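Below is the file protein_20.csv, which contains CSV, C-alpha atoms.
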chain,number,residue,atom,x,y,z
A,1305,MET,CA,-51.0,-23.8,-112.3
A,1306,ARG,CA,-48.5,-22.4,-109.9
A,1307,ARG,CA,-44.8,-23.3,-110.7
A,1308,LYS,CA,-41.5,-22.9,-109.0
A,1309,ILE,CA,-37.8,-23.7,-109.4
A,1310,LEU,CA,-37.2,-26.9,-107.4
A,1311,GLY,CA,-34.6,-26.3,-104.6
A,1312,THR,CA,-31.2,-25.2,-105.9
A,1313,SER,CA,-31.8,-26.9,-109.3
A,1314,ASP,CA,-32.9,-25.3,-112.6
A,1315,LEU,CA,-36.0,-27.5,-112.8
A,1316,ASP,CA,-39.2,-25.4,-113.3
A,1317,VAL,CA,-41.9,-27.6,-111.9
A,1318,SER,CA,-45.6,-27.4,-111.4
A,1319,GLN,CA,-46.6,-27.4,-107.7
A,1320,ILE,CA,-48.7,-30.4,-108.4
A,1321,CYS,CA,-46.9,-33.5,-109.5
A,1322,LEU,CA,-48.5,-36.6,-111.1
A,1323,GLY,CA,-47.7,-39.7,-109.1
A,1324,THR,CA,-47.7,-43.0,-111.0
A,1325,MET,CA,-47.3,-45.8,-108.6
A,1326,THR,CA,-50.5,-47.7,-109.8
A,1327,PHE,CA,-49.6,-47.5,-113.5
A,1328,GLY,CA,-49.3,-51.0,-115.0
A,1329,ASN,CA,-51.2,-52.6,-112.1
A,1330,GLN,CA,-54.4,-51.1,-110.8
A,1331,THR,CA,-54.2,-48.5,-113.6
A,1332,PRO,CA,-53.9,-50.1,-117.1
A,1333,GLN,CA,-51.7,-48.4,-119.7
A,1334,GLY,CA,-54.5,-46.8,-121.6
A,1335,ASP,CA,-55.9,-45.1,-118.5
A,1336,ALA,CA,-52.4,-44.2,-117.4
A,1337,HIS,CA,-51.7,-42.4,-120.7
A,1338,ARG,CA,-55.0,-40.5,-120.4
A,1339,GLN,CA,-53.9,-39.4,-116.9
A,1340,ILE,CA,-50.6,-38.0,-118.3
A,1341,ASP,CA,-52.5,-36.1,-121.0
A,1342,MET,CA,-55.0,-34.8,-118.5
A,1343,ALA,CA,-52.2,-33.6,-116.2
A,1344,LEU,CA,-50.4,-31.8,-119.0
A,1345,ALA,CA,-53.7,-30.1,-120.1
A,1346,ALA,CA,-54.2,-28.9,-116.5
A,1347,GLY,CA,-50.7,-27.3,-116.5
A,1348,ILE,CA,-48.9,-30.1,-114.6
A,1349,ASN,CA,-45.4,-30.8,-116.1
A,1350,PHE,CA,-44.0,-32.9,-113.3
A,1351,LEU,CA,-44.2,-36.8,-113.2
A,1352,ASP,CA,-42.8,-39.0,-110.4
A,1353,THR,CA,-42.2,-42.7,-110.6
A,1354,ALA,CA,-39.7,-45.3,-109.3
A,1355,GLU,CA,-38.0,-48.5,-110.5
A,1356,MET,CA,-40.0,-50.5,-108.0
A,1357,TYR,CA,-43.4,-49.4,-109.2
A,1358,PRO,CA,-46.2,-50.5,-109.5
A,1359,VAL,CA,-47.1,-51.2,-105.9
A,1360,ASN,CA,-50.1,-52.8,-104.0
A,1361,PRO,CA,-48.4,-55.2,-104.1
A,1362,VAL,CA,-44.8,-54.9,-105.2
A,1363,ARG,CA,-43.9,-58.1,-107.1
A,1364,ALA,CA,-40.7,-59.2,-108.7
A,1365,GLU,CA,-42.5,-59.8,-112.0
A,1366,THR,CA,-44.0,-56.3,-112.2
A,1367,VAL,CA,-41.2,-54.0,-110.9
A,1368,GLY,CA,-40.2,-51.6,-113.6
A,1369,ARG,CA,-43.6,-51.8,-115.4
A,1370,THR,CA,-44.6,-48.3,-114.4
A,1371,GLU,CA,-41.5,-46.8,-116.0
A,1372,GLU,CA,-42.3,-48.9,-119.1
A,1373,VAL,CA,-45.8,-47.4,-119.3
A,1374,ILE,CA,-44.4,-43.9,-119.1
A,1375,GLY,CA,-41.7,-44.8,-121.6
A,1376,ASN,CA,-44.4,-46.0,-124.0
A,1377,TRP,CA,-46.2,-42.7,-123.6
A,1378,ILE,CA,-43.0,-40.8,-124.4
A,1379,ALA,CA,-42.4,-42.9,-127.4
A,1380,ALA,CA,-45.9,-42.6,-128.7
A,1381,THR,CA,-46.3,-38.8,-128.2
A,1382,GLY,CA,-42.9,-37.4,-128.6
A,1383,ARG,CA,-43.6,-35.0,-125.7
A,1384,ARG,CA,-40.6,-35.8,-123.5
A,1385,ASP,CA,-39.5,-32.1,-123.5
A,1386,GLU,CA,-42.8,-31.1,-122.0
A,1387,ILE,CA,-42.3,-33.0,-118.7
A,1388,VAL,CA,-39.9,-32.9,-115.8
A,1389,LEU,CA,-39.3,-36.6,-115.1
A,1390,ALA,CA,-38.4,-38.0,-111.7
A,1391,THR,CA,-37.7,-41.6,-110.7
A,1392,LYS,CA,-36.0,-43.4,-107.9
A,1393,ILE,CA,-33.6,-46.2,-107.0
A,1394,VAL,CA,-34.7,-48.6,-104.3
A,1395,GLY,CA,-32.8,-49.1,-101.1
A,1396,GLU,CA,-32.3,-52.5,-99.6
A,1397,ASN,CA,-35.2,-54.6,-100.7
A,1398,ASP,CA,-36.7,-58.1,-100.6
A,1399,GLY,CA,-34.7,-59.4,-103.6
A,1400,TYR,CA,-36.8,-58.0,-106.4
A,1401,ARG,CA,-34.0,-55.7,-107.5
A,1402,ARG,CA,-30.2,-56.6,-107.6
A,1403,ASP,CA,-30.5,-59.5,-105.1
A,1404,GLY,CA,-31.8,-57.1,-102.5
A,1405,ARG,CA,-28.7,-54.9,-102.4
A,1406,GLY,CA,-29.2,-51.2,-101.5
A,1407,ILE,CA,-27.7,-48.0,-102.9
A,1408,PHE,CA,-24.1,-48.2,-103.9
A,1409,ALA,CA,-22.1,-46.8,-106.8
A,1410,ASP,CA,-22.5,-49.9,-108.9
A,1411,THR,CA,-26.1,-50.4,-108.1
A,1412,MET,CA,-26.9,-46.8,-108.9
A,1413,VAL,CA,-25.2,-46.9,-112.3
A,1414,GLU,CA,-27.0,-50.1,-113.1
A,1415,ALA,CA,-30.4,-48.7,-111.9
A,1416,VAL,CA,-30.0,-45.5,-113.9
A,1417,GLU,CA,-29.2,-47.4,-117.1
A,1418,ASP,CA,-32.2,-49.7,-116.6
A,1419,SER,CA,-34.6,-46.7,-115.9
A,1420,LEU,CA,-33.3,-44.8,-118.9
A,1421,ARG,CA,-34.1,-47.9,-121.1
A,1422,ARG,CA,-37.6,-48.4,-119.6
A,1423,LEU,CA,-38.4,-44.7,-119.8
A,1424,ARG,CA,-37.2,-44.5,-123.3
A,1425,THR,CA,-35.3,-41.3,-122.7
A,1426,ASP,CA,-31.7,-40.1,-122.7
A,1427,VAL,CA,-31.8,-38.3,-119.4
A,1428,ILE,CA,-33.6,-38.4,-116.0
A,1429,ASP,CA,-34.4,-34.9,-114.7
A,1430,LEU,CA,-34.5,-35.8,-111.0
A,1431,TYR,CA,-33.1,-39.1,-109.6
A,1432,GLN,CA,-34.0,-39.9,-106.0
A,1433,LEU,CA,-32.8,-42.3,-103.4
A,1434,HIS,CA,-36.0,-44.1,-102.4
A,1435,TRP,CA,-34.8,-44.8,-98.8
A,1436,PRO,CA,-31.5,-44.8,-97.0
A,1437,ASN,CA,-29.4,-48.0,-96.6
A,1438,ARG,CA,-29.2,-47.4,-92.9
A,1439,GLY,CA,-33.0,-47.6,-92.5
A,1440,SER,CA,-35.8,-45.1,-92.1
A,1441,TYR,CA,-38.5,-44.1,-89.6
A,1442,HIS,CA,-41.1,-43.7,-92.4
A,1443,PHE,CA,-43.9,-46.1,-93.2
A,1444,ARG,CA,-45.0,-46.1,-89.5
A,1445,LYS,CA,-41.6,-47.2,-88.3
A,1446,HIS,CA,-41.3,-44.0,-86.2
A,1447,TRP,CA,-43.0,-45.8,-83.3
A,1448,SER,CA,-40.0,-48.1,-82.8
A,1449,TYR,CA,-37.3,-46.2,-84.6
A,1450,ALA,CA,-33.8,-47.1,-83.6
A,1451,PRO,CA,-31.2,-44.7,-85.1
A,1452,GLY,CA,-27.5,-45.4,-85.3
A,1453,THR,CA,-27.7,-49.0,-86.3
A,1454,MET,CA,-24.9,-48.5,-88.8
A,1455,PRO,CA,-21.5,-47.1,-87.8
A,1456,ARG,CA,-21.0,-43.5,-88.8
A,1457,GLN,CA,-17.9,-44.2,-90.7
A,1458,GLU,CA,-19.7,-46.8,-92.8
A,1459,VAL,CA,-22.6,-44.5,-93.5
A,1460,GLU,CA,-20.4,-41.7,-94.6
A,1461,ALA,CA,-18.2,-43.9,-96.8
A,1462,ASN,CA,-21.3,-45.1,-98.5
A,1463,MET,CA,-22.6,-41.6,-99.0
A,1464,VAL,CA,-19.3,-40.4,-100.5
A,1465,GLU,CA,-19.2,-43.4,-102.9
A,1466,VAL,CA,-22.8,-42.7,-104.1
A,1467,LEU,CA,-22.1,-38.9,-104.4
A,1468,GLU,CA,-19.1,-39.7,-106.6
A,1469,ALA,CA,-21.2,-41.9,-108.8
A,1470,MET,CA,-23.8,-39.2,-109.0
A,1471,GLY,CA,-21.1,-36.8,-110.2
A,1472,ARG,CA,-20.2,-39.2,-113.0
A,1473,LEU,CA,-23.8,-39.8,-114.0
A,1474,ARG,CA,-24.4,-36.0,-114.2
A,1475,ALA,CA,-21.1,-35.5,-116.2
A,1476,GLU,CA,-22.3,-38.2,-118.6
A,1477,GLY,CA,-25.5,-36.3,-119.1
A,1478,LYS,CA,-27.7,-39.2,-117.8
A,1479,VAL,CA,-29.1,-37.4,-114.7
A,1480,ARG,CA,-29.7,-33.7,-114.3
A,1481,HIS,CA,-30.3,-33.5,-110.5
A,1482,PHE,CA,-30.6,-35.7,-107.5
A,1483,GLY,CA,-32.9,-35.9,-104.5
A,1484,LEU,CA,-33.7,-37.9,-101.4
A,1485,SER,CA,-36.8,-39.8,-100.2
A,1486,ASN,CA,-37.8,-41.1,-96.8
A,1487,GLU,CA,-34.9,-39.4,-95.2
A,1488,THR,CA,-34.2,-37.8,-91.9
A,1489,ALA,CA,-32.9,-34.3,-90.9
A,1490,TRP,CA,-29.5,-35.7,-90.0
A,1491,GLY,CA,-29.2,-37.8,-93.2
A,1492,THR,CA,-30.2,-34.8,-95.4
A,1493,SER,CA,-27.6,-32.6,-93.7
A,1494,GLU,CA,-24.9,-35.2,-94.2
A,1495,TRP,CA,-25.7,-35.6,-97.9
A,1496,LEU,CA,-25.4,-31.8,-98.3
A,1497,ARG,CA,-22.2,-31.5,-96.2
A,1498,LEU,CA,-20.4,-34.3,-97.9
A,1499,ALA,CA,-21.5,-33.1,-101.4
A,1500,ARG,CA,-20.0,-29.7,-100.7
A,1501,ALA,CA,-16.7,-31.3,-99.5
A,1502,ALA,CA,-16.5,-33.6,-102.5
A,1503,GLY,CA,-17.7,-31.1,-105.1
A,1504,ALA,CA,-20.5,-33.5,-105.9
A,1505,PRO,CA,-24.1,-32.7,-106.9
A,1506,PRO,CA,-26.2,-31.5,-104.0
A,1507,MET,CA,-29.6,-33.0,-103.1
A,1508,VAL,CA,-32.3,-30.5,-104.3
A,1509,SER,CA,-35.4,-32.2,-102.9
A,1510,ILE,CA,-36.7,-34.7,-100.4
A,1511,GLN,CA,-39.7,-36.8,-101.0
A,1512,ASN,CA,-41.4,-37.7,-97.7
A,1513,GLU,CA,-44.9,-38.4,-96.7
A,1514,TYR,CA,-46.9,-35.3,-95.8
A,1515,SER,CA,-50.6,-34.7,-95.3
A,1516,LEU,CA,-53.1,-33.3,-92.8
A,1517,LEU,CA,-52.7,-36.6,-91.0
A,1518,CYS,CA,-48.9,-37.0,-91.3
A,1519,ARG,CA,-46.9,-33.9,-90.3
A,1520,LEU,CA,-43.6,-35.3,-89.2
A,1521,PHE,CA,-41.9,-32.9,-91.5
A,1522,ASP,CA,-43.1,-29.8,-89.7
A,1523,THR,CA,-40.2,-29.2,-87.3
A,1524,ASP,CA,-36.6,-30.0,-87.8
A,1525,LEU,CA,-36.9,-31.1,-91.5
A,1526,ALA,CA,-39.0,-28.0,-92.2
A,1527,GLU,CA,-36.2,-25.7,-91.0
A,1528,LEU,CA,-33.5,-27.7,-92.9
A,1529,SER,CA,-35.7,-27.6,-96.0
A,1530,LEU,CA,-36.1,-23.9,-96.0
A,1531,TYR,CA,-32.5,-22.8,-95.1
A,1532,GLU,CA,-30.8,-25.4,-97.3
A,1533,GLN,CA,-33.3,-25.1,-100.2
A,1534,VAL,CA,-34.1,-28.8,-100.2
A,1535,ASP,CA,-37.8,-28.7,-101.2
A,1536,LEU,CA,-40.3,-31.2,-100.0
A,1537,LEU,CA,-42.1,-33.4,-102.6
A,1538,ALA,CA,-45.1,-34.6,-100.5
A,1539,TYR,CA,-46.3,-38.1,-101.2
A,1540,SER,CA,-49.6,-39.5,-99.9
A,1541,PRO,CA,-51.1,-36.0,-99.4
A,1542,LEU,CA,-54.5,-37.8,-99.2
A,1543,ALA,CA,-53.3,-40.3,-96.7
A,1544,ALA,CA,-53.8,-43.3,-99.0
A,1545,GLY,CA,-57.4,-42.2,-99.7
A,1546,LEU,CA,-58.5,-41.5,-96.1
A,1547,LEU,CA,-58.7,-37.8,-96.8
A,1548,THR,CA,-61.0,-38.3,-99.8
A,1549,GLY,CA,-63.7,-39.5,-97.4
A,1550,LYS,CA,-64.3,-42.7,-99.4
A,1551,TYR,CA,-63.6,-44.9,-96.3
A,1552,ARG,CA,-65.9,-43.0,-94.0
A,1553,GLY,CA,-68.4,-45.1,-92.1
A,1554,GLY,CA,-66.5,-48.3,-92.7
A,1555,ALA,CA,-66.9,-48.2,-96.5
A,1556,VAL,CA,-64.3,-50.1,-98.6
A,1557,PRO,CA,-65.0,-49.5,-102.3
A,1558,ALA,CA,-64.2,-52.3,-104.6
A,1559,GLY,CA,-60.8,-51.9,-106.2
A,1560,SER,CA,-59.7,-49.3,-103.7
A,1561,ARG,CA,-56.4,-49.4,-102.0
A,1562,MET,CA,-58.0,-50.5,-98.7
A,1563,SER,CA,-59.6,-53.5,-100.6
A,1564,LEU,CA,-56.0,-54.6,-101.4
A,1565,VAL,CA,-54.2,-53.4,-98.3
A,1566,PRO,CA,-56.8,-53.4,-95.4
A,1567,ASN,CA,-54.8,-51.3,-93.0
A,1568,LEU,CA,-53.5,-48.8,-95.6
A,1569,GLY,CA,-49.9,-49.4,-94.5
A,1570,GLY,CA,-50.7,-48.7,-90.9
A,1571,ARG,CA,-52.8,-45.6,-91.6
A,1572,ALA,CA,-56.3,-47.0,-91.1
A,1573,VAL,CA,-56.6,-46.9,-87.3
A,1574,PRO,CA,-59.4,-45.5,-85.1
A,1575,ARG,CA,-57.5,-42.3,-84.3
A,1576,ALA,CA,-57.0,-41.5,-88.0
A,1577,HIS,CA,-60.7,-42.1,-88.8
A,1578,ALA,CA,-61.6,-39.7,-85.9
A,1579,ALA,CA,-59.3,-37.0,-87.4
A,1580,VAL,CA,-60.8,-37.5,-90.9
A,1581,GLU,CA,-64.2,-36.9,-89.4
A,1582,ALA,CA,-63.0,-33.6,-87.9
A,1583,TYR,CA,-61.5,-32.4,-91.2
A,1584,ALA,CA,-64.6,-33.6,-93.1
A,1585,ALA,CA,-66.8,-31.5,-90.8
A,1586,LEU,CA,-64.6,-28.5,-91.3
A,1587,ALA,CA,-64.7,-29.0,-95.1
A,1588,GLN,CA,-68.5,-29.3,-95.0
A,1589,GLN,CA,-68.9,-26.2,-92.8
A,1590,HIS,CA,-67.0,-24.1,-95.4
A,1591,GLY,CA,-68.4,-25.7,-98.5
A,1592,ILE,CA,-65.1,-27.3,-99.6
A,1593,ASP,CA,-64.6,-30.7,-100.9
A,1594,LEU,CA,-62.5,-32.8,-98.4
A,1595,THR,CA,-60.0,-33.9,-101.1
A,1596,HIS,CA,-59.5,-30.3,-102.2
A,1597,LEU,CA,-59.1,-29.1,-98.7
A,1598,ALA,CA,-56.3,-31.7,-98.0
A,1599,LEU,CA,-54.4,-30.8,-101.2
A,1600,ALA,CA,-54.8,-27.1,-100.8
A,1601,PHE,CA,-53.4,-27.3,-97.2
A,1602,CYS,CA,-50.2,-29.0,-98.4
A,1603,GLN,CA,-49.7,-26.2,-100.9
A,1604,THR,CA,-49.8,-23.6,-98.1
A,1605,ARG,CA,-46.6,-25.0,-96.5
A,1606,PRO,CA,-43.5,-22.8,-97.0
A,1607,PHE,CA,-41.2,-25.7,-97.6
A,1608,MET,CA,-43.3,-27.3,-100.3
A,1609,GLY,CA,-41.8,-28.0,-103.7
A,1610,ALA,CA,-44.7,-30.0,-105.1
A,1611,VAL,CA,-47.6,-32.1,-103.9
A,1612,ILE,CA,-47.7,-35.5,-105.5
A,1613,ILE,CA,-51.2,-36.7,-106.5
A,1614,GLY,CA,-51.9,-40.2,-107.7
A,1615,ALA,CA,-55.2,-41.6,-108.9
A,1616,THR,CA,-56.2,-45.2,-109.8
A,1617,THR,CA,-58.5,-43.9,-112.6
A,1618,ALA,CA,-58.7,-40.9,-114.8
A,1619,GLU,CA,-62.1,-40.1,-113.2
A,1620,GLN,CA,-60.4,-39.8,-109.8
A,1621,LEU,CA,-57.7,-37.6,-111.3
A,1622,ALA,CA,-60.3,-35.3,-112.8
A,1623,HIS,CA,-61.8,-34.8,-109.3
A,1624,ASP,CA,-58.4,-34.0,-107.8
A,1625,LEU,CA,-57.7,-31.5,-110.6
A,1626,ALA,CA,-61.0,-29.7,-110.1
A,1627,GLY,CA,-59.6,-28.2,-106.9
A,1628,ILE,CA,-56.0,-27.5,-107.7
A,1629,ASP,CA,-56.4,-23.7,-107.7
A,1630,LEU,CA,-58.2,-23.6,-104.3
A,1631,THR,CA,-56.8,-21.1,-101.8
A,1632,LEU,CA,-57.6,-21.6,-98.2
A,1633,SER,CA,-58.6,-18.6,-96.1
A,1634,ASP,CA,-56.8,-17.6,-92.9
A,1635,GLU,CA,-59.9,-18.7,-91.0
A,1636,VAL,CA,-59.9,-22.2,-92.5
A,1637,GLN,CA,-56.1,-22.5,-91.9
A,1638,GLY,CA,-56.6,-21.5,-88.3
A,1639,GLU,CA,-59.3,-24.1,-87.8
A,1640,ILE,CA,-57.0,-26.7,-89.4
A,1641,ALA,CA,-54.4,-25.8,-86.8
A,1642,GLY,CA,-56.9,-26.4,-84.1
A,1643,ILE,CA,-57.9,-29.8,-85.4
A,1644,HIS,CA,-54.2,-30.7,-85.7
A,1645,ARG,CA,-53.7,-29.9,-82.0
A,1646,ALA,CA,-56.7,-32.1,-81.1
A,1647,HIS,CA,-55.6,-35.0,-83.4
A,1648,PRO,CA,-51.8,-35.0,-83.6
A,1649,LEU,CA,-50.0,-37.8,-85.3
A,1650,PRO,CA,-53.1,-40.1,-85.6
A,1651,PHE,CA,-51.1,-42.9,-87.2
What would the structure in this file look like if it were written as structure tokens?
Amino acid sequence: MRRKILGTSDLDVSQICLGTMTFGNQTPQGDAHRQIDMALAAGINFLDTAEMYPVNPVRAETVGRTEEVIGNWIAATGRRDEIVLATKIVGENDGYRRDGRGIFADTMVEAVEDSLRRLRTDVIDLYQLHWPNRGSYHFRKHWSYAPGTMPRQEVEANMVEVLEAMGRLRAEGKVRHFGLSNETAWGTSEWLRLARAAGAPPMVSIQNEYSLLCRLFDTDLAELSLYEQVDLLAYSPLAAGLLTGKYRGGAVPAGSRMSLVPNLGGRAVPRAHAAVEAYAALAQQHGIDLTHLALAFCQTRPFMGAVIIGATTAEQLAHDLAGIDLTLSDEVQGEIAGIHRAHPLPF
């Protein structure tokens, strides 16, 4: 398993990260614990979660359950020192956390304390801001994105307030490093600029969606990521299952995400299915499993910190893990570039 130091941090992470957003909902605790054991056995030392998990759907009565499942594994195994543990604070929400309030100094302190308790640990290795208070173009919102809805002075005052809270949390030994999620190039650059000015902890990573079908990161954010050493943690590298091929031909397997969320969060559209067919044909031509092709592609990107893989079942995880050492030839990468040109931004 390939590993690297994440951004400007001292976190030595596997370039595959185990995502956990189904733990405690679609994935019962026993299977979730098997997945963590399997990941460690495969050389994965990086786990990502969030206070709002599990999802599909997010419910007030279940938020935090995924962290509890992981905390129970830590308590039962005593293997906390073998994992790099990442979690997140939600931004503005529908009232299932802190009456819907977003990310401020007081909500961050409260959220960290709650996550530490549920995770049954003394420290969080990477604490991420799930999405900015000012809004985000992610989750298919880029089609109607309207930046600048909050005054700049208000945005920067909030950032400084949060950065100061981050400094206190790090000084208290409760969080080692901080990162972003669902951010923009401007937002990331502001977090870095203001952190330097305030002597606060810098953002070391950014967790945004990235896959063969979602390549919004490839231009301005890619350049920022490389020069500022803010590594990408890629979520949904299989495009919510589209790039496994399990939805080809109109199939909707029982218990799959599409059976719960029919449009896959805006991803399951005709253009996306057409792109999947093109990538599936390429994979077949070269004797490569489509899932493994999609995951290996993400690992070729120069800005990649880690690719987050999530599985509903241990069997699905085993299939993902079977291809984690695949290296794509220059020929295959060239053909991927051609398909990308023919099927840009399909959802």
Using all atoms listed in the file, determine which residues lie at most 8 Å from Leu1632 in chain A, disregarding the query and same-chain residues fewer than 3 positions distant; provide the list as a VMD selection string.
chain A and resid 1597 1600 to 1601 1636 to 1637
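All protein, DNA and RNA residues at most 9 Å from (-41.1, -44.3, -109.6) are Gly1323, Thr1324, Met1325, Leu1351, Asp1352, Thr1353, Ala1354, Glu1355, Met1356, Tyr1357, Pro1358, Gly1368, Thr1370, Glu1371, Ala1390, Thr1391, Lys1392, Ile1393 and His1434 of chain A, using only C-alpha atoms.
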Selection from above, C-alpha atoms, as a PDB file, in the frame of the given file, can you write it?
ATOM      1  CA  GLY A1323     -47.700 -39.700-109.100  1.00  0.00           C
ATOM      2  CA  THR A1324     -47.700 -43.000-111.000  1.00  0.00           C
ATOM      3  CA  MET A1325     -47.300 -45.800-108.600  1.00  0.00           C
ATOM      4  CA  LEU A1351     -44.200 -36.800-113.200  1.00  0.00           C
ATOM      5  CA  ASP A1352     -42.800 -39.000-110.400  1.00  0.00           C
ATOM      6  CA  THR A1353     -42.200 -42.700-110.600  1.00  0.00           C
ATOM      7  CA  ALA A1354     -39.700 -45.300-109.300  1.00  0.00           C
ATOM      8  CA  GLU A1355     -38.000 -48.500-110.500  1.00  0.00           C
ATOM      9  CA  MET A1356     -40.000 -50.500-108.000  1.00  0.00           C
ATOM     10  CA  TYR A1357     -43.400 -49.400-109.200  1.00  0.00           C
ATOM     11  CA  PRO A1358     -46.200 -50.500-109.500  1.00  0.00           C
ATOM     12  CA  GLY A1368     -40.200 -51.600-113.600  1.00  0.00           C
ATOM     13  CA  THR A1370     -44.600 -48.300-114.400  1.00  0.00           C
ATOM     14  CA  GLU A1371     -41.500 -46.800-116.000  1.00  0.00           C
ATOM     15  CA  ALA A1390     -38.400 -38.000-111.700  1.00  0.00           C
ATOM     16  CA  THR A1391     -37.700 -41.600-110.700  1.00  0.00           C
ATOM     17  CA  LYS A1392     -36.000 -43.400-107.900  1.00  0.00           C
ATOM     18  CA  ILE A1393     -33.600 -46.200-107.000  1.00  0.00           C
ATOM     19  CA  HIS A1434     -36.000 -44.100-102.400  1.00  0.00           C
TER      20      HIS A1434
END
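Across the model, the gap from CA of Gly1395 in chain A to CA of Pro1436 in chain A is 6.1 Å.
If all atoms listed in the file are the atoms counted, then among A:Gln1333, A:Gln1603, A:Thr1595, A:Thr1523 the closest residue to Met1305 in chain A is A:Gln1603.
For the pair CA of Glu1619 in chain A and CA of Asp1335 in chain A, the interatomic distance is 9.6 Å.
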Which one is closest to Leu1625 in chain A: A:His1596, A:Cys1518, A:Asp1398, A:Leu1649? Count only C-alpha atoms.
A:His1596
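Among the candidate residues A:His1647, A:Val1388, A:Tyr1431, A:Ala1380, the one lying nearest to Arg1575 in chain A is A:His1647, with distances computed using all atoms listed in the file.
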Looking at all atoms listed in the file, which of A:Ser1313, A:Ser1440, A:Asn1512, A:Gln1319 is the one that sits closest to Asp1629 in chain A?
A:Gln1319
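Minimum atom-to-atom distance to Val1362 in chain A, evaluated using all atoms listed in the file, belongs to A:Gly1399 out of A:Gly1399, A:Gly1471, A:Gly1347, A:Gly1382.
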Identify which of the residues A:Leu1310, A:Val1508, A:Ala1379, A:Leu1586 lies closest to Ala1641 in chain A, counting all atoms listed in the file when measuring atom-to-atom distances.
A:Leu1586
Would you list the contacts of Ser1540 in chain A as an MDAnalysis selection string, taking every protein, DNA or RNA residue within 10 Å and counting all atoms listed in the file, but skipping same-chain residues closer than 6 positions in sequence?
chainID A and resid 1323 1512:1515 1517:1518 1546:1547 1611:1614
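Taking CA of Asp1535 in chain A and CA of Val1367 in chain A as the two end points, the separation is 27.3 Å.
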For Tyr1583 in chain A, list every protein, DNA or RNA residue within 8 Å, evaluated using all atoms listed in the file, and leave out those in the same chain fewer than 3 positions away; present the list as a ChimeraX atom specification.
/A:1579-1580,1586-1587,1594,1640,1643
Using all atoms listed in the file, what table do you get, as CSV, when you list each residue of range 1426-1506 of chain A with an atom no more than 12 Å from range 1566-1569 of chain A, its nearest pair of atoms, and their distance in Å rounded to one decimal, rows by chain then rising number?
residue,atom,partner,partner_atom,distance
A:His1442,CA,A:Gly1569,CA,10.7
A:Phe1443,CA,A:Gly1569,CA,7.0
A:Arg1444,CA,A:Gly1569,CA,7.7
A:Lys1445,CA,A:Gly1569,CA,10.6
Around (-30.5, -45.2, -119.3), as given in the file, which residues come within 12 Å? Count only C-alpha atoms and list them as JSON, numbers by chain.
{"A": [1371, 1375, 1391, 1412, 1413, 1414, 1415, 1416, 1417, 1418, 1419, 1420, 1421, 1422, 1423, 1424, 1425, 1426, 1427, 1428, 1429, 1431, 1473, 1476, 1477, 1478, 1479]}
Residues within 10 Å of range 1487-1489 of chain A, please, as a PyMOL selection string. Count all atoms listed in the file; anything in the same chain fewer than 5 positions from it doesn't count.
chain A and resi 1433-1436+1439-1442+1494+1510-1512+1521+1523-1529
Who sits within 10 Å of Tyr1551 in chain A, all atoms listed in the file, same chain under 3 positions skipped, as a list in words:
Gly1545, Leu1546, Leu1547, Thr1548, Gly1554, Ala1555, Val1556, Pro1557, Ser1560, Met1562, Ala1572, His1577 and Val1580 of chain A
Missing atoms in range 1477-1487 of chain A: fill them in up to N, CA and C atoms and send the result as an mmCIF file, keeping the file's coordinate frame.
data_model
loop_
_atom_site.group_PDB
_atom_site.id
_atom_site.type_symbol
_atom_site.label_atom_id
_atom_site.label_comp_id
_atom_site.auth_asym_id
_atom_site.auth_seq_id
_atom_site.Cartn_x
_atom_site.Cartn_y
_atom_site.Cartn_z
ATOM 1 N N GLY A 1477 -24.288 -36.804 -118.595
ATOM 2 C CA GLY A 1477 -25.500 -36.300 -119.100
ATOM 3 C C GLY A 1477 -26.723 -37.230 -118.950
ATOM 4 N N LYS A 1478 -26.608 -38.191 -118.019
ATOM 5 C CA LYS A 1478 -27.700 -39.200 -117.800
ATOM 6 C C LYS A 1478 -28.682 -38.737 -116.752
ATOM 7 N N VAL A 1479 -28.234 -37.907 -115.812
ATOM 8 C CA VAL A 1479 -29.100 -37.400 -114.700
ATOM 9 C C VAL A 1479 -28.794 -35.917 -114.569
ATOM 10 N N ARG A 1480 -29.858 -35.103 -114.441
ATOM 11 C CA ARG A 1480 -29.700 -33.700 -114.300
ATOM 12 C C ARG A 1480 -29.478 -33.302 -112.793
ATOM 13 N N HIS A 1481 -30.370 -33.822 -111.938
ATOM 14 C CA HIS A 1481 -30.300 -33.500 -110.500
ATOM 15 C C HIS A 1481 -30.696 -34.671 -109.667
ATOM 16 N N PHE A 1482 -30.376 -34.561 -108.374
ATOM 17 C CA PHE A 1482 -30.600 -35.700 -107.500
ATOM 18 C C PHE A 1482 -31.384 -35.228 -106.244
ATOM 19 N N GLY A 1483 -32.109 -36.190 -105.674
ATOM 20 C CA GLY A 1483 -32.900 -35.900 -104.500
ATOM 21 C C GLY A 1483 -32.978 -37.109 -103.579
ATOM 22 N N LEU A 1484 -33.593 -36.902 -102.432
ATOM 23 C CA LEU A 1484 -33.700 -37.900 -101.400
ATOM 24 C C LEU A 1484 -35.194 -38.335 -101.273
ATOM 25 N N SER A 1485 -35.432 -39.391 -100.545
ATOM 26 C CA SER A 1485 -36.800 -39.800 -100.200
ATOM 27 C C SER A 1485 -36.752 -40.599 -98.913
ATOM 28 N N ASN A 1486 -37.752 -40.388 -98.080
ATOM 29 C CA ASN A 1486 -37.800 -41.100 -96.800
ATOM 30 C C ASN A 1486 -36.582 -40.916 -95.968
ATOM 31 N N GLU A 1487 -36.080 -39.687 -95.957
ATOM 32 C CA GLU A 1487 -34.900 -39.400 -95.200
ATOM 33 C C GLU A 1487 -35.164 -38.629 -93.926
#
